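A.B. asks: mmCIF, C-alpha atoms and all ligand atoms, file upload08.cif:
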```cif
data_query
loop_
_atom_site.group_PDB
_atom_site.id
_atom_site.type_symbol
_atom_site.label_atom_id
_atom_site.label_comp_id
_atom_site.auth_asym_id
_atom_site.auth_seq_id
_atom_site.Cartn_x
_atom_site.Cartn_y
_atom_site.Cartn_z
ATOM 1 C CA MET A 1 0.326 -25.681 -8.925
ATOM 2 C CA GLU A 2 -2.070 -23.180 -7.418
ATOM 3 C CA ARG A 3 -0.307 -19.965 -6.378
ATOM 4 C CA VAL A 4 -1.583 -18.925 -2.974
ATOM 5 C CA ALA A 5 -0.183 -15.808 -1.339
ATOM 6 C CA VAL A 6 -0.579 -14.885 2.278
ATOM 7 C CA TYR A 7 -0.481 -11.120 2.751
ATOM 8 C CA PRO A 8 0.198 -10.597 6.473
ATOM 9 C CA GLY A 9 0.124 -7.390 8.446
ATOM 10 C CA SER A 10 -1.346 -5.603 11.425
ATOM 11 C CA PHE A 11 -3.900 -3.791 9.225
ATOM 12 C CA ASP A 12 -4.704 -1.428 12.110
ATOM 13 C CA PRO A 13 -6.387 -0.153 9.994
ATOM 14 C CA ILE A 14 -6.203 -1.134 6.321
ATOM 15 C CA THR A 15 -4.942 1.745 4.141
ATOM 16 C CA ASN A 16 -4.992 2.577 0.449
ATOM 17 C CA GLY A 17 -1.338 1.485 0.359
ATOM 18 C CA HIS A 18 -2.384 -2.020 1.456
ATOM 19 C CA LEU A 19 -5.180 -2.034 -1.125
ATOM 20 C CA ASP A 20 -2.726 -1.128 -3.863
ATOM 21 C CA ILE A 21 -0.568 -4.158 -2.944
ATOM 22 C CA ILE A 22 -3.643 -6.426 -2.774
ATOM 23 C CA ARG A 23 -4.967 -5.326 -6.166
ATOM 24 C CA ARG A 24 -1.614 -5.617 -7.896
ATOM 25 C CA GLY A 25 -0.767 -8.882 -6.117
ATOM 26 C CA MET A 26 -3.992 -10.471 -7.342
ATOM 27 C CA ARG A 27 -2.623 -10.304 -10.890
ATOM 28 C CA PHE A 28 0.062 -12.831 -9.944
ATOM 29 C CA PHE A 29 -1.703 -15.180 -7.562
ATOM 30 C CA ASP A 30 -4.679 -17.499 -7.900
ATOM 31 C CA ARG A 31 -5.777 -16.818 -4.353
ATOM 32 C CA MET A 32 -4.816 -14.512 -1.543
ATOM 33 C CA ILE A 33 -5.308 -14.714 2.192
ATOM 34 C CA ILE A 34 -5.172 -11.357 3.927
ATOM 35 C CA LEU A 35 -3.888 -12.295 7.351
ATOM 36 C CA ILE A 36 -4.300 -10.040 10.354
ATOM 37 C CA ALA A 37 -1.267 -11.158 12.352
ATOM 38 C CA TYR A 38 -1.750 -9.891 15.888
ATOM 39 C CA ASN A 39 0.004 -10.053 19.213
ATOM 40 C CA PRO A 40 -2.518 -10.988 21.950
ATOM 41 C CA ASN A 41 -0.483 -8.980 24.477
ATOM 42 C CA LYS A 42 -0.714 -5.759 22.479
ATOM 43 C CA SER A 43 -3.937 -3.923 21.835
ATOM 44 C CA GLY A 44 -4.298 -1.904 18.678
ATOM 45 C CA LEU A 45 -6.603 0.990 17.926
ATOM 46 C CA PHE A 46 -9.069 -1.377 16.259
ATOM 47 C CA THR A 47 -9.849 -4.839 17.631
ATOM 48 C CA VAL A 48 -9.066 -7.813 15.398
ATOM 49 C CA GLU A 49 -12.832 -8.144 14.756
ATOM 50 C CA GLU A 50 -13.105 -4.487 13.735
ATOM 51 C CA ARG A 51 -10.082 -4.792 11.433
ATOM 52 C CA THR A 52 -11.569 -7.930 9.852
ATOM 53 C CA ASP A 53 -14.898 -6.195 9.350
ATOM 54 C CA LEU A 54 -13.262 -3.151 7.742
ATOM 55 C CA ILE A 55 -11.202 -5.297 5.352
ATOM 56 C CA LYS A 56 -14.304 -7.325 4.413
ATOM 57 C CA LYS A 57 -16.240 -4.162 3.645
ATOM 58 C CA VAL A 58 -13.409 -2.649 1.628
ATOM 59 C CA ILE A 59 -12.630 -5.796 -0.398
ATOM 60 C CA GLY A 60 -16.290 -6.655 -1.014
ATOM 61 C CA ASP A 61 -17.244 -9.794 -2.855
ATOM 62 C CA GLU A 62 -13.989 -11.208 -4.229
ATOM 63 C CA PRO A 63 -14.106 -15.033 -4.145
ATOM 64 C CA ARG A 64 -10.336 -15.364 -4.589
ATOM 65 C CA ILE A 65 -9.597 -13.426 -1.403
ATOM 66 C CA ARG A 66 -10.057 -14.705 2.137
ATOM 67 C CA ILE A 67 -9.548 -12.730 5.331
ATOM 68 C CA ASP A 68 -8.232 -14.443 8.431
ATOM 69 C CA SER A 69 -6.390 -13.699 11.660
ATOM 70 C CA SER A 70 -3.682 -15.472 13.638
ATOM 71 C CA SER A 71 -1.487 -14.816 16.657
ATOM 72 C CA GLY A 72 1.027 -17.543 15.853
ATOM 73 C CA LEU A 73 4.114 -17.937 13.724
ATOM 74 C CA LEU A 74 3.542 -16.713 10.195
ATOM 75 C CA VAL A 75 5.254 -19.599 8.383
ATOM 76 C CA ASP A 76 3.166 -22.124 10.352
ATOM 77 C CA TYR A 77 0.029 -20.341 9.242
ATOM 78 C CA VAL A 78 1.156 -20.222 5.608
ATOM 79 C CA LYS A 79 1.906 -23.951 5.580
ATOM 80 C CA LYS A 80 -1.385 -24.918 7.252
ATOM 81 C CA ALA A 81 -3.355 -22.702 4.878
ATOM 82 C CA GLY A 82 -1.737 -24.323 1.825
ATOM 83 C CA GLY A 83 0.081 -21.133 0.840
ATOM 84 C CA ASN A 84 3.480 -20.953 -0.821
ATOM 85 C CA VAL A 85 4.293 -17.241 -0.841
ATOM 86 C CA ILE A 86 4.331 -14.421 1.716
ATOM 87 C CA LEU A 87 3.487 -11.129 0.039
ATOM 88 C CA ARG A 88 4.779 -7.851 1.485
ATOM 89 C CA GLY A 89 4.780 -4.283 0.252
ATOM 90 C CA LEU A 90 8.000 -2.277 0.348
ATOM 91 C CA ARG A 91 7.880 1.461 0.908
ATOM 92 C CA ALA A 92 10.729 3.870 1.454
ATOM 93 C CA VAL A 93 14.265 2.656 2.120
ATOM 94 C CA SER A 94 13.533 2.560 5.852
ATOM 95 C CA ASP A 95 11.359 -0.555 5.385
ATOM 96 C CA PHE A 96 14.151 -2.493 3.787
ATOM 97 C CA GLU A 97 16.195 -3.647 6.754
ATOM 98 C CA TYR A 98 13.206 -4.865 8.758
ATOM 99 C CA GLU A 99 11.668 -6.593 5.751
ATOM 100 C CA PHE A 100 14.984 -8.192 4.836
ATOM 101 C CA GLN A 101 15.342 -9.580 8.382
ATOM 102 C CA MET A 102 11.796 -10.911 8.378
ATOM 103 C CA ALA A 103 12.203 -12.555 4.983
ATOM 104 C CA LEU A 104 15.456 -14.197 6.129
ATOM 105 C CA ILE A 105 14.085 -15.494 9.420
ATOM 106 C CA ASN A 106 10.971 -16.786 7.696
ATOM 107 C CA ARG A 107 13.072 -18.572 5.085
ATOM 108 C CA ARG A 108 15.224 -20.053 7.810
ATOM 109 C CA LEU A 109 12.109 -21.281 9.590
ATOM 110 C CA ASP A 110 10.670 -22.803 6.415
ATOM 111 C CA ARG A 111 12.691 -23.039 3.224
ATOM 112 C CA ASP A 112 9.646 -23.901 1.100
ATOM 113 C CA ILE A 113 8.037 -20.508 1.639
ATOM 114 C CA GLU A 114 9.311 -17.507 -0.284
ATOM 115 C CA THR A 115 8.657 -13.852 0.487
ATOM 116 C CA VAL A 116 7.751 -11.744 -2.523
ATOM 117 C CA PHE A 117 7.830 -7.935 -2.410
ATOM 118 C CA LEU A 118 5.926 -5.390 -4.430
ATOM 119 C CA MET A 119 7.145 -1.811 -4.421
ATOM 120 C CA THR A 120 4.379 0.343 -3.089
ATOM 121 C CA GLY A 121 2.701 2.889 -5.364
ATOM 122 C CA TYR A 122 4.420 6.305 -5.213
ATOM 123 C CA LYS A 123 1.320 7.892 -3.687
ATOM 124 C CA TRP A 124 1.685 5.714 -0.583
ATOM 125 C CA PHE A 125 5.447 5.804 -0.324
ATOM 126 C CA PHE A 126 5.573 7.642 2.982
ATOM 127 C CA THR A 127 2.306 6.620 4.606
ATOM 128 C CA SER A 128 1.724 3.892 7.142
ATOM 129 C CA SER A 129 -1.141 2.891 9.434
ATOM 130 C CA ASN A 130 0.810 4.397 12.339
ATOM 131 C CA LEU A 131 1.313 7.799 10.702
ATOM 132 C CA ILE A 132 -2.290 7.834 9.542
ATOM 133 C CA LYS A 133 -3.480 7.134 13.097
ATOM 134 C CA GLU A 134 -1.225 9.848 14.472
ATOM 135 C CA ALA A 135 -2.507 12.436 12.003
ATOM 136 C CA ALA A 136 -6.148 11.412 12.560
ATOM 137 C CA CYS A 137 -5.700 11.416 16.328
ATOM 138 C CA HIS A 138 -4.725 15.090 16.216
ATOM 139 C CA GLY A 139 -7.622 15.965 13.960
ATOM 140 C CA GLY A 140 -5.601 15.977 10.688
ATOM 141 C CA SER A 141 -7.368 14.876 7.530
ATOM 142 C CA VAL A 142 -6.324 11.503 6.141
ATOM 143 C CA ARG A 143 -8.889 11.566 3.349
ATOM 144 C CA GLY A 144 -7.509 9.826 0.273
ATOM 145 C CA LEU A 145 -5.000 7.785 2.279
ATOM 146 C CA VAL A 146 -7.558 5.290 3.563
ATOM 147 C CA PRO A 147 -10.847 3.986 2.153
ATOM 148 C CA ASP A 148 -13.823 6.185 3.096
ATOM 149 C CA ILE A 149 -15.256 3.673 5.547
ATOM 150 C CA VAL A 150 -11.930 3.597 7.414
ATOM 151 C CA LEU A 151 -11.843 7.393 7.405
ATOM 152 C CA HIS A 152 -15.257 7.473 9.089
ATOM 153 C CA ARG A 153 -14.284 4.851 11.673
ATOM 154 C CA LEU A 154 -11.101 6.778 12.503
ATOM 155 C CA GLU A 155 -13.091 9.981 12.878
ATOM 156 C CA GLU A 156 -15.579 8.197 15.158
ATOM 157 C CA LYS A 157 -12.849 6.714 17.364
ATOM 158 C CA TYR A 158 -10.892 9.921 17.759
ATOM 159 C CA SER A 159 -13.829 12.294 18.092
ATOM 160 C CA LYS A 160 -14.996 10.128 21.028
ATOM 161 C CA ASP A 161 -11.495 10.385 22.505
ATOM 162 C CA ARG A 162 -11.396 14.140 22.089
ATOM 163 C CA SER A 163 -14.830 14.655 23.613
ATOM 164 C CA GLY A 164 -13.782 12.404 26.503
ATOM 165 C CA THR A 165 -16.598 9.884 26.030
ATOM 166 C CA LYS A 166 -14.272 6.920 25.653
HETATM 167 O O1 LIG B 201 1.957 -4.620 9.259
HETATM 168 P P1 LIG B 201 3.165 -5.018 10.052
HETATM 169 O O2 LIG B 201 2.973 -4.647 11.485
HETATM 170 O O3 LIG B 201 4.445 -4.489 9.465
HETATM 171 O O4 LIG B 201 3.250 -6.631 9.977
HETATM 172 C C1 LIG B 201 4.270 -7.343 10.633
HETATM 173 C C2 LIG B 201 3.866 -8.833 10.725
HETATM 174 C C3 LIG B 201 2.552 -8.957 11.479
HETATM 175 C C4 LIG B 201 3.713 -9.399 9.339
HETATM 176 C C5 LIG B 201 4.988 -9.616 11.480
HETATM 177 O O5 LIG B 201 5.174 -9.050 12.727
HETATM 178 C C6 LIG B 201 4.654 -11.106 11.620
HETATM 179 O O6 LIG B 201 4.837 -11.861 10.701
HETATM 180 N N1 LIG B 201 4.164 -11.530 12.824
HETATM 181 C C7 LIG B 201 3.805 -12.912 13.095
HETATM 182 C C8 LIG B 201 4.890 -13.621 13.942
HETATM 183 C C9 LIG B 201 6.022 -14.093 13.052
HETATM 184 O O7 LIG B 201 5.937 -15.121 12.427
HETATM 185 N N2 LIG B 201 7.114 -13.267 12.974
HETATM 186 C C10 LIG B 201 8.220 -13.468 12.032
HETATM 187 C C11 LIG B 201 9.169 -14.559 12.433
HETATM 188 S S1 LIG B 201 9.872 -14.362 14.033
#
```
As a first step, turn the structure in this file into structure tokens.
C.D. replies:
Amino acid sequence: MERVAVYPGSFDPITNGHLDIIRRGMRFFDRMIILIAYNPNKSGLFTVEERTDLIKKVIGDEPRIRIDSSSGLLVDYVKKAGGNVILRGLRAVSDFEYEFQMALINRRLDRDIETVFLMTGYKWFFTSSNLIKEAACHGGSVRGLVPDIVLHRLEEKYSKDRSGTK
């Protein structure tokens, strides 16, 4: 049986922590779908199109990885896409309760789909897209925490904000 993992997240924006999970996850799965799961009533810093474009640029030409977006129920997407596993990264202890709840509700919604966790690399243990955005928004350097292209896009977004042109 082909092992197809769906790696869902907001990816607003993709970070080096996400990339670490993607790279390591690819050793266990035949294919991976990176799914930008978004709420149409909430706007992020980057639009879904911008997030997709950034992920495409960062991943490059990897035929076993597809990038997609959805605003629906995750398990429905996984089933439709022919996936059998939801892949999530686990960081510090604070992630655990939320991730445990999500894994349980998803299993209750569809017992055929399992959630598999990879412990994040120690370098990314305390970083998240939200903290990275907060630091970048105040002019802090997030170099090394995100791919260079993301760093430049963050700088563009926030320098516009600071100069009042947005
Ligand atoms: O990167 P995030 O924000 O931690 O990702 C959370 C995400 C998008 C994976 C989660 O909110 C999600 O799965 N949303 C889709 C709706 C859904 O199926 N929720 C879980 C069952 S109620």
A.B. asks: Select, from A:Gly25, A:Gly82, A:Gly44, A:Gly139, the residue with the minimum atom-to-atom distance to ligand LIG 201 (chain B), counting all atoms listed in the file.
C.D. replies: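 Nearest candidate to ligand LIG 201 (chain B) out of A:Gly25, A:Gly82, A:Gly44, A:Gly139: A:Gly44.
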A.B. asks: Just say which residues the PyMOL selection byres (((chain A and resi 9) around 6) and not hetatm) picks in this file, as a PyMOL selection string.
C.D. replies: chain A and resi 8+10-11+36-37
A.B. asks: Quick one: residues within 12 Å of His18 of chain A, only C-alpha atoms counted, chain neighbours fewer than 3 positions away excluded, as a PyMOL selection string?
C.D. replies: chain A and resi 7-15+21-25+34-35+55+58-59+87-91+118-121+123-125+127-129+145-147
A.B. asks: To one decimal in Å, tell me the separation between atom CA of Arg31 of chain A and atom O6 of ligand LIG 201 (chain B).
C.D. replies: 19.1 Å
A.B. asks: If the PyMOL selection byres (((chain A and resi 72) around 12) and not hetatm) were run on this exact file, what residues would it hold? Put them as a PyMOL selection string.
C.D. replies: chain A and resi 8+35-40+69-71+73-78+80
A.B. asks: Mind giving me the straight-line distance from atom CA of Phe126 of chain A to atom CA of Ala92 of chain A in Å, one decimal?
C.D. replies: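 Going from atom CA of Phe126 of chain A over to atom CA of Ala92 of chain A, I get 6.6 Å.
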A.B. asks: In Å, rounded to a single decimal, give me how far atom C7 of ligand LIG 201 (chain B) is from atom CA of Gly83 of chain A.
C.D. replies: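 According to the coordinates, atom CA of Gly83 of chain A and atom C7 of ligand LIG 201 (chain B) are separated by 15.2 Å.
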A.B. asks: Can you work out which one of A:Leu54, A:Ile105, A:Val48, A:Ile149 has the shortest atom-to-atom distance to ligand LIG 201 (chain B), counting all atoms listed in the file?
C.D. replies: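 Result for the nearest residue to ligand LIG 201 (chain B): A:Ile105.
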A.B. asks: Which one is closest to ligand LIG 201 (chain B): A:Arg153, A:Arg108, A:Arg143, A:Lys56? Count only C-alpha atoms and all ligand atoms.
C.D. replies: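 Closest residue, counting only C-alpha atoms and all ligand atoms: A:Arg108.
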A.B. asks: Give the padded box for segment 27-36 of chain A as JSON: axis-aligned, covering all atoms listed in the file, 5 Å on each side, centre and edge lengths in Å to one decimal.
C.D. replies:
```
{"center_x": -2.9, "center_y": -13.8, "center_z": -0.3, "size_x": 15.8, "size_y": 17.5, "size_z": 31.2}
```
